[in-house]
file start_39.cif (mmCIF, C-alpha atoms and all ligand atoms)
data_upload
loop_
_atom_site.label_atom_id
_atom_site.label_comp_id
_atom_site.auth_asym_id
_atom_site.auth_seq_id
_atom_site.Cartn_x
_atom_site.Cartn_y
_atom_site.Cartn_z
CA MET A 1 -124.05 118.73 -91.59
CA THR A 2 -123.73 117.00 -94.93
CA ASP A 3 -126.33 114.80 -96.62
CA ALA A 4 -125.55 111.10 -96.73
CA SER A 5 -126.29 109.22 -99.92
CA ASP A 6 -124.93 105.85 -98.73
CA PRO A 7 -126.38 104.40 -95.51
CA VAL A 8 -123.95 104.79 -92.61
CA LYS A 9 -124.06 102.35 -89.69
CA VAL A 10 -124.22 104.22 -86.38
CA HIS A 11 -124.03 103.22 -82.72
CA ARG A 12 -127.04 101.79 -80.90
CA GLY A 13 -129.19 104.49 -79.37
CA LEU A 14 -127.38 106.98 -81.66
CA ALA A 15 -124.75 107.19 -78.91
CA GLY A 16 -121.97 109.57 -79.90
CA VAL A 17 -123.65 110.40 -83.24
CA SER A 18 -124.07 114.06 -84.11
CA VAL A 19 -127.29 114.40 -86.11
CA THR A 20 -127.56 118.18 -86.30
CA ASP A 21 -125.73 121.42 -85.63
CA THR A 22 -127.19 123.45 -82.79
CA ARG A 23 -126.56 126.81 -81.17
CA ILE A 24 -128.93 126.22 -78.25
CA SER A 25 -126.90 124.31 -75.66
CA ARG A 26 -124.05 121.87 -75.26
CA SER A 27 -123.36 119.21 -72.63
CA ASP A 28 -119.94 117.59 -72.58
CA VAL A 29 -118.32 114.49 -71.17
CA ASP A 30 -116.07 116.68 -68.97
CA GLY A 31 -119.15 117.77 -66.99
CA SER A 32 -119.66 121.13 -68.67
CA LEU A 33 -123.01 122.49 -69.79
CA VAL A 34 -123.43 125.67 -71.79
CA TYR A 35 -126.69 127.53 -72.52
CA ARG A 36 -126.26 129.71 -75.63
CA GLY A 37 -122.61 130.24 -74.72
CA TYR A 38 -123.06 130.79 -70.97
CA PRO A 39 -121.72 128.17 -68.53
CA ILE A 40 -124.62 126.73 -66.56
CA TRP A 41 -123.36 127.96 -63.17
CA GLU A 42 -123.27 131.57 -64.53
CA ILE A 43 -126.92 131.22 -65.45
CA ALA A 44 -128.08 129.28 -62.40
CA THR A 45 -126.36 131.74 -60.06
CA ASN A 46 -127.31 135.01 -61.68
CA ALA A 47 -130.32 134.72 -63.98
CA GLY A 48 -134.03 134.22 -63.41
CA PHE A 49 -136.23 131.59 -65.04
CA GLU A 50 -137.92 133.95 -67.53
CA GLU A 51 -134.55 135.42 -68.53
CA THR A 52 -133.13 131.93 -69.09
CA ALA A 53 -136.18 130.88 -71.09
CA TYR A 54 -135.80 134.00 -73.24
CA LEU A 55 -132.09 133.27 -73.71
CA ILE A 56 -132.71 129.70 -74.80
CA LEU A 57 -135.49 130.71 -77.19
CA ASN A 58 -133.87 133.81 -78.68
CA GLY A 59 -130.12 133.33 -78.35
CA ASN A 60 -129.43 136.42 -76.25
CA LEU A 61 -130.18 137.65 -72.74
CA PRO A 62 -133.15 140.03 -72.89
CA THR A 63 -133.06 143.77 -72.29
CA GLY A 64 -135.45 145.07 -69.63
CA SER A 65 -138.21 145.83 -72.15
CA GLN A 66 -137.75 142.51 -74.00
CA LEU A 67 -138.07 140.66 -70.70
CA GLU A 68 -141.16 142.65 -69.77
CA SER A 69 -142.96 141.89 -73.01
CA PHE A 70 -141.93 138.19 -72.90
CA THR A 71 -143.20 137.89 -69.31
CA GLU A 72 -146.42 139.70 -70.24
CA GLY A 73 -146.88 137.42 -73.27
CA LEU A 74 -146.71 134.39 -70.96
CA ARG A 75 -148.86 136.00 -68.28
CA LYS A 76 -151.77 136.70 -70.61
CA ARG A 77 -151.78 133.17 -72.04
CA GLY A 78 -151.92 131.18 -68.80
CA GLU A 79 -155.62 130.39 -68.84
CA VAL A 80 -156.50 126.86 -69.96
CA PRO A 81 -159.78 126.61 -71.98
CA PRO A 82 -162.56 125.01 -69.87
CA LYS A 83 -163.15 122.35 -72.53
CA VAL A 84 -159.52 121.18 -72.18
CA LEU A 85 -159.99 120.92 -68.41
CA ARG A 86 -163.20 118.92 -68.93
CA ILE A 87 -161.30 116.49 -71.17
CA MET A 88 -158.62 116.11 -68.46
CA ARG A 89 -161.30 115.54 -65.83
CA GLU A 90 -162.88 112.81 -67.95
CA LEU A 91 -159.67 110.76 -67.64
CA GLY A 92 -160.57 110.00 -64.05
CA ARG A 93 -158.63 109.78 -60.81
CA ASP A 94 -156.23 107.03 -61.85
CA ALA A 95 -154.86 108.96 -64.82
CA ASP A 96 -151.10 109.28 -64.94
CA PRO A 97 -150.23 113.01 -64.71
CA ILE A 98 -148.06 112.95 -67.84
CA ASP A 99 -150.87 111.23 -69.78
CA ALA A 100 -153.23 113.93 -68.54
CA ILE A 101 -150.91 116.74 -69.68
CA ARG A 102 -150.29 115.07 -73.03
CA THR A 103 -154.03 114.66 -73.61
CA ALA A 104 -154.58 118.30 -72.69
CA VAL A 105 -151.82 119.45 -75.05
CA SER A 106 -153.35 117.39 -77.89
CA ALA A 107 -156.73 118.95 -77.15
CA LEU A 108 -155.16 122.42 -77.15
CA GLY A 109 -153.98 121.70 -80.69
CA SER A 110 -157.64 121.83 -81.73
CA LEU A 111 -159.03 124.26 -79.18
CA ASP A 112 -156.40 126.96 -78.78
CA SER A 113 -157.37 130.20 -80.49
CA GLU A 114 -153.79 131.36 -81.18
CA LYS A 115 -153.23 132.28 -84.81
CA ASP A 116 -149.49 132.57 -85.38
CA LEU A 117 -146.55 130.30 -84.55
CA LEU A 118 -145.09 132.50 -81.81
CA GLY A 119 -148.51 132.84 -80.15
CA LYS A 120 -149.04 129.06 -80.24
CA GLN A 121 -145.62 128.46 -78.69
CA MET A 122 -146.10 131.06 -75.96
CA SER A 123 -149.51 129.61 -75.24
CA LEU A 124 -147.99 126.17 -74.77
CA GLU A 125 -145.19 127.54 -72.59
CA ALA A 126 -147.61 129.46 -70.39
CA LYS A 127 -150.26 126.74 -70.12
CA MET A 128 -147.83 123.87 -69.55
CA SER A 129 -147.07 125.04 -66.01
CA VAL A 130 -150.79 125.26 -65.17
CA LEU A 131 -151.38 121.83 -66.71
CA ALA A 132 -148.38 120.38 -64.87
CA ALA A 133 -149.44 121.73 -61.48
CA ASN A 134 -152.97 120.43 -61.97
CA SER A 135 -152.13 117.19 -63.73
CA HIS A 136 -153.21 115.02 -60.82
CA ARG A 137 -155.78 117.41 -59.31
CA VAL A 138 -158.04 117.87 -62.33
CA PRO A 139 -158.43 114.14 -63.20
CA ARG A 140 -159.23 113.56 -59.50
CA GLY A 141 -162.01 116.13 -59.73
CA GLU A 142 -160.25 118.61 -57.41
CA ALA A 143 -160.40 122.38 -57.85
CA LEU A 144 -158.06 123.95 -60.36
CA ARG A 145 -155.11 125.88 -58.96
CA THR A 146 -154.40 128.97 -61.05
CA ARG A 147 -151.60 131.46 -61.52
CA LYS A 148 -151.52 134.62 -59.44
CA SER A 149 -150.61 137.93 -60.98
CA GLY A 150 -147.36 139.65 -60.05
CA LEU A 151 -145.41 136.49 -59.19
CA ARG A 152 -142.23 135.20 -60.84
CA PHE A 153 -142.91 132.31 -63.24
CA SER A 154 -141.25 129.85 -60.85
CA ASP A 155 -143.03 131.20 -57.74
CA ASN A 156 -146.28 130.83 -59.60
CA LEU A 157 -145.62 127.21 -60.43
CA LEU A 158 -144.54 126.50 -56.85
CA GLN A 159 -147.67 128.05 -55.31
CA MET A 160 -149.82 125.92 -57.65
CA LEU A 161 -147.88 122.75 -56.77
CA THR A 162 -147.96 123.00 -52.99
CA THR A 163 -149.67 124.99 -50.28
CA LYS A 164 -146.61 124.68 -48.04
CA GLU A 165 -145.08 128.08 -47.25
CA ALA A 166 -141.60 128.42 -48.80
CA THR A 167 -138.88 130.84 -47.72
CA GLU A 168 -137.30 133.22 -50.24
CA TYR A 169 -134.22 130.95 -50.36
CA GLU A 170 -136.37 127.87 -51.05
CA ARG A 171 -138.24 129.69 -53.81
CA ARG A 172 -134.93 130.69 -55.37
CA VAL A 173 -133.72 127.08 -55.18
CA PHE A 174 -136.87 125.94 -56.95
CA GLU A 175 -136.31 128.57 -59.64
CA ARG A 176 -132.71 127.41 -60.12
CA VAL A 177 -133.75 123.77 -60.42
CA MET A 178 -136.32 124.85 -63.00
CA MET A 179 -133.56 126.59 -64.97
CA LEU A 180 -131.50 123.40 -64.88
CA TYR A 181 -134.44 121.46 -66.30
CA LEU A 182 -135.14 124.04 -69.00
CA GLU A 183 -132.84 122.72 -71.72
CA HIS A 184 -130.32 119.97 -72.34
CA ASP A 185 -129.25 119.68 -75.99
CA LEU A 186 -130.34 116.56 -77.86
CA ASN A 187 -131.94 114.53 -75.07
CA ALA A 188 -134.60 111.99 -76.10
CA SER A 189 -137.59 114.33 -75.85
CA SER A 190 -135.93 117.28 -77.63
CA PHE A 191 -134.85 114.95 -80.42
CA THR A 192 -138.43 113.65 -80.60
CA VAL A 193 -139.69 117.23 -80.87
CA ARG A 194 -137.23 117.89 -83.71
CA VAL A 195 -138.38 114.77 -85.56
CA VAL A 196 -142.00 115.94 -85.37
CA ALA A 197 -141.04 119.53 -86.29
CA SER A 198 -139.19 118.20 -89.34
CA THR A 199 -142.52 116.90 -90.71
CA LEU A 200 -143.85 120.50 -90.41
CA ALA A 201 -146.42 119.42 -87.82
CA ASP A 202 -147.56 122.18 -85.43
CA PRO A 203 -145.98 122.85 -81.99
CA TYR A 204 -148.87 121.12 -80.13
CA ALA A 205 -148.13 117.89 -82.01
CA ALA A 206 -144.41 118.27 -81.31
CA ALA A 207 -144.97 119.01 -77.61
CA SER A 208 -147.30 116.05 -77.15
CA ALA A 209 -144.68 113.78 -78.74
CA GLY A 210 -142.05 115.34 -76.45
CA LEU A 211 -144.25 114.54 -73.45
CA ALA A 212 -144.61 110.95 -74.60
CA SER A 213 -140.88 110.41 -74.67
CA LEU A 214 -140.37 112.30 -71.41
CA LYS A 215 -142.60 109.86 -69.55
CA GLY A 216 -140.22 106.90 -69.42
CA PRO A 217 -138.02 106.23 -66.36
CA LEU A 218 -134.86 106.39 -68.48
CA HIS A 219 -135.67 110.05 -69.19
CA GLY A 220 -138.14 112.38 -67.43
CA GLY A 221 -139.71 109.69 -65.26
CA ALA A 222 -136.38 109.23 -63.45
CA ASN A 223 -136.93 111.98 -60.84
CA GLU A 224 -140.08 110.28 -59.52
CA ALA A 225 -138.50 106.83 -59.56
CA ALA A 226 -135.41 108.21 -57.76
CA MET A 227 -137.57 109.67 -55.00
CA GLU A 228 -139.50 106.41 -54.58
CA MET A 229 -136.15 104.65 -54.26
CA LEU A 230 -134.84 107.12 -51.66
CA LEU A 231 -138.06 106.75 -49.66
CA SER A 232 -137.72 102.98 -49.74
CA VAL A 233 -134.06 102.99 -48.60
CA LYS A 234 -134.69 105.64 -45.88
CA ASP A 235 -131.53 105.03 -43.82
CA PRO A 236 -128.11 106.31 -45.03
CA ALA A 237 -126.50 103.28 -43.35
CA LYS A 238 -128.51 101.00 -45.68
CA ALA A 239 -127.32 102.61 -48.94
CA GLY A 240 -124.53 100.09 -49.63
CA GLU A 241 -126.71 97.09 -48.83
CA PHE A 242 -129.50 98.38 -51.09
CA LEU A 243 -127.12 98.93 -53.99
CA GLN A 244 -125.46 95.53 -53.67
CA ALA A 245 -128.88 93.81 -53.73
CA ALA A 246 -129.84 95.81 -56.83
CA PHE A 247 -126.56 94.95 -58.59
CA LYS A 248 -127.13 91.26 -57.85
CA GLU A 249 -130.54 91.47 -59.55
CA LYS A 250 -128.96 93.48 -62.41
CA ARG A 251 -131.30 96.39 -61.70
CA LYS A 252 -130.32 99.88 -62.82
CA ILE A 253 -130.24 102.51 -60.10
CA VAL A 254 -132.46 105.40 -61.15
CA GLY A 255 -130.94 108.83 -60.81
CA PHE A 256 -127.48 107.55 -61.75
CA GLY A 257 -125.72 107.50 -65.08
CA HIS A 258 -125.97 109.65 -68.14
CA ARG A 259 -125.39 109.25 -71.85
CA VAL A 260 -123.03 112.26 -71.93
CA TYR A 261 -121.70 112.92 -68.42
CA LYS A 262 -119.43 110.13 -67.24
CA GLU A 263 -117.51 111.90 -64.42
CA PHE A 264 -120.19 114.22 -63.05
CA ASP A 265 -123.40 115.93 -64.03
CA PRO A 266 -122.89 119.65 -63.30
CA ARG A 267 -126.61 120.07 -62.61
CA ALA A 268 -126.51 117.33 -59.96
CA ARG A 269 -123.55 119.06 -58.29
CA LEU A 270 -125.44 122.34 -58.11
CA CYS A 271 -128.58 120.63 -56.79
CA LYS A 272 -126.66 118.69 -54.17
CA GLU A 273 -125.40 121.97 -52.73
CA TYR A 274 -128.86 123.56 -52.93
CA LEU A 275 -130.33 120.61 -51.03
CA ARG A 276 -127.67 120.75 -48.32
CA GLU A 277 -128.03 124.50 -47.88
CA MET A 278 -131.82 124.43 -47.99
CA LEU A 279 -132.09 121.84 -45.21
CA ALA A 280 -129.36 123.57 -43.15
CA ARG A 281 -131.02 126.99 -43.36
CA ARG A 282 -134.24 125.69 -41.91
CA GLY A 283 -132.36 123.67 -39.29
CA ARG A 284 -134.16 120.65 -40.71
CA ASP A 285 -133.32 116.99 -40.28
CA ASP A 286 -130.65 116.30 -42.90
CA THR A 287 -131.21 112.53 -43.19
CA LEU A 288 -132.36 112.86 -46.79
CA TYR A 289 -129.17 114.72 -47.73
CA ARG A 290 -127.00 112.16 -45.93
CA LEU A 291 -128.86 109.33 -47.65
CA CYS A 292 -128.23 110.88 -51.10
CA ASP A 293 -124.60 111.48 -50.24
CA ALA A 294 -124.19 107.87 -49.05
CA MET A 295 -125.83 106.49 -52.19
CA GLU A 296 -123.60 108.68 -54.33
CA SER A 297 -120.36 107.55 -52.68
CA GLU A 298 -121.35 103.87 -52.58
CA MET A 299 -122.35 104.00 -56.26
CA TRP A 300 -119.10 105.69 -57.21
CA LYS A 301 -117.05 103.16 -55.22
CA ALA A 302 -118.88 100.22 -56.80
CA LYS A 303 -119.42 101.38 -60.41
CA ARG A 304 -117.88 104.83 -60.92
CA ILE A 305 -121.27 106.06 -62.10
CA PRO A 306 -122.23 109.60 -60.95
CA PRO A 307 -125.69 110.86 -59.94
CA ASN A 308 -127.64 112.90 -62.48
CA LEU A 309 -129.90 115.94 -62.11
CA ASP A 310 -132.97 113.84 -61.30
CA PHE A 311 -131.30 112.24 -58.29
CA TYR A 312 -130.78 115.57 -56.50
CA ALA A 313 -133.77 117.47 -57.90
CA ALA A 314 -136.18 114.88 -56.48
CA PRO A 315 -135.25 115.39 -52.78
CA ILE A 316 -135.40 119.16 -53.31
CA PHE A 317 -138.97 118.86 -54.61
CA TYR A 318 -139.77 116.51 -51.73
CA SER A 319 -138.39 118.93 -49.14
CA LEU A 320 -140.50 121.68 -50.68
CA GLY A 321 -143.59 119.56 -49.99
CA ILE A 322 -144.38 118.64 -53.60
CA GLU A 323 -146.11 115.30 -54.21
CA VAL A 324 -143.94 112.76 -56.07
CA PRO A 325 -146.26 112.24 -59.12
CA LEU A 326 -145.74 115.91 -59.97
CA TYR A 327 -141.96 115.73 -60.45
CA THR A 328 -142.02 114.67 -64.11
CA PRO A 329 -144.75 117.25 -64.85
CA ILE A 330 -142.41 119.93 -63.40
CA PHE A 331 -139.73 118.71 -65.81
CA ALA A 332 -142.24 119.16 -68.67
CA ALA A 333 -143.22 122.67 -67.51
CA CYS A 334 -139.54 123.70 -67.76
CA ARG A 335 -138.43 121.72 -70.81
CA ILE A 336 -141.26 123.04 -73.01
CA PHE A 337 -139.10 126.16 -73.51
CA GLY A 338 -136.14 124.03 -74.69
CA TRP A 339 -138.47 121.99 -76.90
CA MET A 340 -139.75 125.12 -78.61
CA ALA A 341 -136.19 126.39 -79.16
CA HIS A 342 -135.39 123.05 -80.85
CA TYR A 343 -138.62 123.19 -82.85
CA ASN A 344 -137.66 126.62 -84.22
CA GLU A 345 -134.03 125.72 -84.87
CA GLN A 346 -135.14 122.62 -86.78
CA LEU A 347 -137.36 124.74 -89.01
CA GLU A 348 -134.58 127.27 -89.70
CA ASN A 349 -132.84 124.75 -91.92
CA ASN A 350 -135.30 121.91 -92.15
CA LYS A 351 -134.82 118.52 -93.70
CA LEU A 352 -137.29 115.74 -92.94
CA ILE A 353 -135.70 113.46 -90.33
CA ARG A 354 -136.09 110.05 -91.86
CA PRO A 355 -133.17 107.74 -91.13
CA ASP A 356 -132.52 104.43 -92.81
CA SER A 357 -132.47 100.99 -91.20
CA THR A 358 -130.69 97.78 -92.03
CA TYR A 359 -133.20 95.07 -92.88
CA VAL A 360 -132.21 91.78 -91.24
CA GLY A 361 -135.55 89.97 -91.69
CA LEU A 362 -136.64 87.24 -94.11
CA SER A 363 -137.28 87.76 -97.81
CA GLY A 364 -138.87 86.07 -100.87
CA LEU A 365 -141.67 84.33 -98.88
CA LYS A 366 -144.82 83.09 -100.72
CA TYR A 367 -148.28 84.05 -99.47
CA VAL A 368 -150.08 81.11 -97.77
CA PRO A 369 -153.94 81.24 -97.53
CA ILE A 370 -155.12 81.32 -93.88
CA GLN A 371 -156.71 77.83 -93.98
CA ASP A 372 -153.38 76.33 -95.05
CA ARG A 373 -151.29 77.89 -92.27
CA SER A 374 -149.98 76.02 -89.30
CA LEU A 375 -147.75 77.11 -86.43
N1 LIG B 401 -127.36 101.74 -62.56
C1 LIG B 401 -126.57 100.65 -62.74
N2 LIG B 401 -125.78 100.48 -63.81
C2 LIG B 401 -125.79 101.47 -64.73
C3 LIG B 401 -126.57 102.62 -64.60
C4 LIG B 401 -127.38 102.73 -63.46
N3 LIG B 401 -128.17 103.80 -63.27
N4 LIG B 401 -126.39 103.42 -65.66
C5 LIG B 401 -125.51 102.80 -66.44
N5 LIG B 401 -125.15 101.62 -65.88
C6 LIG B 401 -124.22 100.63 -66.44
C7 LIG B 401 -124.96 99.77 -67.44
O1 LIG B 401 -125.54 98.64 -66.82
C8 LIG B 401 -123.86 99.41 -68.40
O2 LIG B 401 -123.09 98.42 -67.83
P1 LIG B 401 -122.48 97.24 -68.74
O3 LIG B 401 -121.57 97.94 -69.72
O4 LIG B 401 -121.80 96.38 -67.75
O5 LIG B 401 -123.66 96.62 -69.40
C9 LIG B 401 -123.01 100.69 -68.44
O6 LIG B 401 -123.23 101.34 -67.19
C10 LIG B 401 -123.41 101.63 -69.57
O7 LIG B 401 -124.79 101.89 -69.45
P2 LIG B 401 -125.76 102.25 -70.63
O8 LIG B 401 -127.17 102.04 -70.19
O9 LIG B 401 -125.33 101.59 -71.89
O10 LIG B 401 -125.46 103.76 -70.77
P3 LIG B 401 -126.35 104.76 -71.54
O11 LIG B 401 -125.49 105.90 -71.91
O12 LIG B 401 -127.14 104.15 -72.62
O13 LIG B 401 -127.39 105.09 -70.39
C11 LIG B 401 -128.90 106.00 -68.97
C12 LIG B 401 -127.69 106.27 -69.87
C13 LIG B 401 -129.31 107.34 -68.41
C14 LIG B 401 -130.06 105.44 -69.80
C15 LIG B 401 -128.53 105.02 -67.84
O14 LIG B 401 -127.46 105.50 -67.12
C16 LIG B 401 -129.71 104.73 -66.94
O15 LIG B 401 -130.55 103.88 -67.26
N6 LIG B 401 -129.82 105.45 -65.77
C17 LIG B 401 -130.93 105.27 -64.89
C18 LIG B 401 -132.12 106.10 -65.35
C19 LIG B 401 -131.91 107.58 -65.15
O16 LIG B 401 -131.49 108.04 -64.11
N7 LIG B 401 -132.27 108.36 -66.18
C20 LIG B 401 -132.16 109.78 -66.17
C21 LIG B 401 -131.04 110.23 -67.04
S1 LIG B 401 -130.74 111.97 -66.89
#

call {"tool": "encode", "arguments": {"input": "start_39.cif", "output": "structure tokens"}}
result
Amino acid sequence: MTDASDPVKVHRGLAGVSVTDTRISRSDVDGSLVYRGYPIWEIATNAGFEETAYLILNGNLPTGSQLESFTEGLRKRGEVPPKVLRIMRELGRDADPIDAIRTAVSALGSLDSEKDLLGKQMSLEAKMSVLAANSHRVPRGEALRTRKSGLRFSDNLLQMLTTKEATEYERRVFERVMMLYLEHDLNASSFTVRVVASTLADPYAAASAGLASLKGPLHGGANEAAMEMLLSVKDPAKAGEFLQAAFKEKRKIVGFGHRVYKEFDPRARLCKEYLREMLARRGRDDTLYRLCDAMESEMWKAKRIPPNLDFYAAPIFYSLGIEVPLYTPIFAACRIFGWMAHYNEQLENNKLIRPDSTYVGLSGLKYVPIQDRSL
């Protein structure tokens, strides 16, 4: 990257603008996604969540002993300070789960006892899954669900999210979906994290800003909104009718479209297959799968817009018995690892991110005392 001395006009939403070099991951218009050099299907098929998190954070797959110490580092940092839980509880039963997590992360910035940067980051990574799983329980005054020792990171999150018994295949599907949510180059929240990191603020500040930008339905909030939509449509035969009505009202269809992927989102393709297989293995009613498939083909016929990860992750979470308001928190529990990788990469070669803007407002006005002003 070079430094610009003259302002350069860029596209709205920074579309198609490269603002940094990165070695963490790369998504491409042709539907490819690479994590540190590995195609996403290599990772999703063969690796585990902790291994993938280590890869994204460190740039290489861990050896056995590296993985053991990374896993142990997370395991021993999973406990959330009681004062942070009290602050979450104070928010009350109507608190939005992402607001509750963000408040808790801000509080951790003051209350966490970690001394060094790596410790702070591991603390956030470990605690985020506990905060996510409890983000609606604690504000409602319900008992905290905690991690159990000896479980995979993903199994631990799943057992905190739902009491429904999952098969080994279902647990593996959940782990794979978590790996797909772990990182995605310069999405809105990772960019936000880099902006905050560039000011040299601490990782808690960066993570709380990341959570703020994750909340919106154009980003992390999309998986919940997609599920609400699927539940409202219900019947695969109604997919076309629903879409046509939405187009007439110029409404966007959540779970479709992507800034980078225009033909297909590779993560959605993987999740579609996981959903189909998961329902088939249990001999379950496959209406939800058929509904998604019908929406996908009607949307493609009408607009040539493909589904994204959120569209197929949501029905997987639903089929696993997870409550809808927890879907965006799950996203946060996974993406915190990507955020921290971006935080560190930003600091490796930091320059304060402070773009320019083109002023198109008025100028040269004279101050008018308040008593002399009129509308
Ligand atoms: N439903 C209907 N139309 C859509 C659409 C959707 N989900 N996504 C894009 N489009 C249309 C836009 O209306 C626009 O049409 P126009 O050129 O006739 O105005 C065109 O496709 C380009 O869309 P735009 O919003 O400019 O693309 P973008 O790259 O800025 O948007 C998203 C990417 C993700 C913000 C957008 O696709 C969207 O809002 N999707 C729904 C939310 C979602 O699922 N978010 C999760 C993303 S992983």

call {"tool": "residues_around", "arguments": {"input": "start_39.cif", "residues": "region 249-263 of chain A", "least_positions_apart": "5", "cutoff": "10 Å", "atoms": "only C-alpha atoms", "output": "compact mmCIF listing (two decimals) with C-alpha atoms, in the frame of the given file"}}
result
# COMPACT_ATOMS: atom_id res chain seq x y z
CA GLY A 13 -129.19 104.49 -79.37
CA ALA A 15 -124.75 107.19 -78.91
CA GLY A 16 -121.97 109.57 -79.90
CA SER A 27 -123.36 119.21 -72.63
CA ASP A 28 -119.94 117.59 -72.58
CA VAL A 29 -118.32 114.49 -71.17
CA ASP A 30 -116.07 116.68 -68.97
CA GLY A 31 -119.15 117.77 -66.99
CA SER A 32 -119.66 121.13 -68.67
CA LEU A 33 -123.01 122.49 -69.79
CA ASN A 187 -131.94 114.53 -75.07
CA PRO A 217 -138.02 106.23 -66.36
CA LEU A 218 -134.86 106.39 -68.48
CA HIS A 219 -135.67 110.05 -69.19
CA GLY A 221 -139.71 109.69 -65.26
CA ALA A 222 -136.38 109.23 -63.45
CA ASN A 223 -136.93 111.98 -60.84
CA GLU A 224 -140.08 110.28 -59.52
CA ALA A 225 -138.50 106.83 -59.56
CA ALA A 226 -135.41 108.21 -57.76
CA MET A 227 -137.57 109.67 -55.00
CA GLU A 228 -139.50 106.41 -54.58
CA MET A 229 -136.15 104.65 -54.26
CA LEU A 230 -134.84 107.12 -51.66
CA PHE A 242 -129.50 98.38 -51.09
CA LEU A 243 -127.12 98.93 -53.99
CA GLN A 244 -125.46 95.53 -53.67
CA ALA A 268 -126.51 117.33 -59.96
CA MET A 295 -125.83 106.49 -52.19
CA GLU A 296 -123.60 108.68 -54.33
CA MET A 299 -122.35 104.00 -56.26
CA TRP A 300 -119.10 105.69 -57.21
CA LYS A 303 -119.42 101.38 -60.41
CA ARG A 304 -117.88 104.83 -60.92
CA ILE A 305 -121.27 106.06 -62.10
CA PRO A 306 -122.23 109.60 -60.95
CA PRO A 307 -125.69 110.86 -59.94
CA ASN A 308 -127.64 112.90 -62.48
CA LEU A 309 -129.90 115.94 -62.11
CA ASP A 310 -132.97 113.84 -61.30
CA PHE A 311 -131.30 112.24 -58.29
CA TYR A 312 -130.78 115.57 -56.50
CA ALA A 313 -133.77 117.47 -57.90
CA ALA A 314 -136.18 114.88 -56.48

call {"tool": "residues_around", "arguments": {"input": "start_39.cif", "residues": "region 147-161 of chain A", "least_positions_apart": "5", "cutoff": "7 Å", "atoms": "only C-alpha atoms", "output": "PyMOL selection string"}}
result
chain A and resi 49-50+129+133+171+175+322

call {"tool": "closest_residue", "arguments": {"input": "start_39.cif", "among": "A:Leu275, A:Ala53, A:Ala188, A:Leu320", "to": "ligand LIG 401 (chain B)", "atoms": "only C-alpha atoms and all ligand atoms"}}
result
A:Ala188

call {"tool": "residues_around", "arguments": {"input": "start_39.cif", "residues": "region 101-113 of chain A", "least_positions_apart": "5", "cutoff": "7 Å", "atoms": "only C-alpha atoms", "output": "list in words"}}
result
Val84, Met88, Leu131, Ala132, Ser135, Tyr204, Ala205, Ser208 and Leu211 of chain A

call {"tool": "closest_residue", "arguments": {"input": "start_39.cif", "among": "A:Tyr289, A:Phe317, A:Phe191, A:Tyr181", "to": "ligand LIG 401 (chain B)", "atoms": "all atoms listed in the file"}}
result
A:Tyr181

call {"tool": "closest_residue", "arguments": {"input": "start_39.cif", "among": "A:Ile24, A:Ala239, A:Val195, A:Ala333", "to": "Asn60 (chain A)", "atoms": "only C-alpha atoms"}}
result
A:Ile24

call {"tool": "residues_near_point", "arguments": {"input": "start_39.cif", "point": "(-149.7, 114.1, -66.4)", "cutoff": "6 Å", "atoms": "only C-alpha atoms", "output": "ChimeraX atom specification"}}
result
/A:96-101,135

call {"tool": "residues_near_point", "arguments": {"input": "start_39.cif", "point": "(-127.2, 122.1, -86.5)", "cutoff": "12 Å", "atoms": "only C-alpha atoms", "output": "list in words"}}
result
Met1, Thr2, Ser18, Val19, Thr20, Asp21, Thr22, Arg23, Ile24, Ser25, Arg26, Asp185, Leu186, Arg194, His342, Asn344, Glu345, Gln346, Leu347, Glu348, Asn349, Asn350 and Lys351 of chain A

call {"tool": "axis_aligned_box", "arguments": {"input": "start_39.cif", "around": "ligand LIG 401 (chain B)", "padding_each_side": "4 Å", "output": "AutoDock Vina command-line options"}}
result
--center_x -126.9 --center_y 104.2 --center_z -67.6 --size_x 18.7 --size_y 23.6 --size_z 18.1

call {"tool": "closest_residue", "arguments": {"input": "start_39.cif", "among": "A:Glu79, A:Glu183, A:Glu72, A:Glu298", "to": "Phe247 (chain A)", "atoms": "all atoms listed in the file"}}
result
A:Glu298

call {"tool": "atom_distance", "arguments": {"input": "start_39.cif", "atom1": "CA of Tyr54 (chain A)", "atom2": "CA of Ala206 (chain A)"}}
result
19.7 Å

call {"tool": "closest_residue", "arguments": {"input": "start_39.cif", "among": "A:Val368, A:Ile353, A:Val360, A:Cys334", "to": "Phe174 (chain A)", "atoms": "only C-alpha atoms"}}
result
A:Cys334

call {"tool": "closest_residue", "arguments": {"input": "start_39.cif", "among": "A:Ser189, A:Thr199, A:Asn134, A:Ser232", "to": "ligand LIG 401 (chain B)", "atoms": "only C-alpha atoms and all ligand atoms"}}
result
A:Ser189

call {"tool": "atom_distance", "arguments": {"input": "start_39.cif", "atom1": "CA of Tyr169 (chain A)", "atom2": "CA of Met278 (chain A)"}}
result
7.3 Å
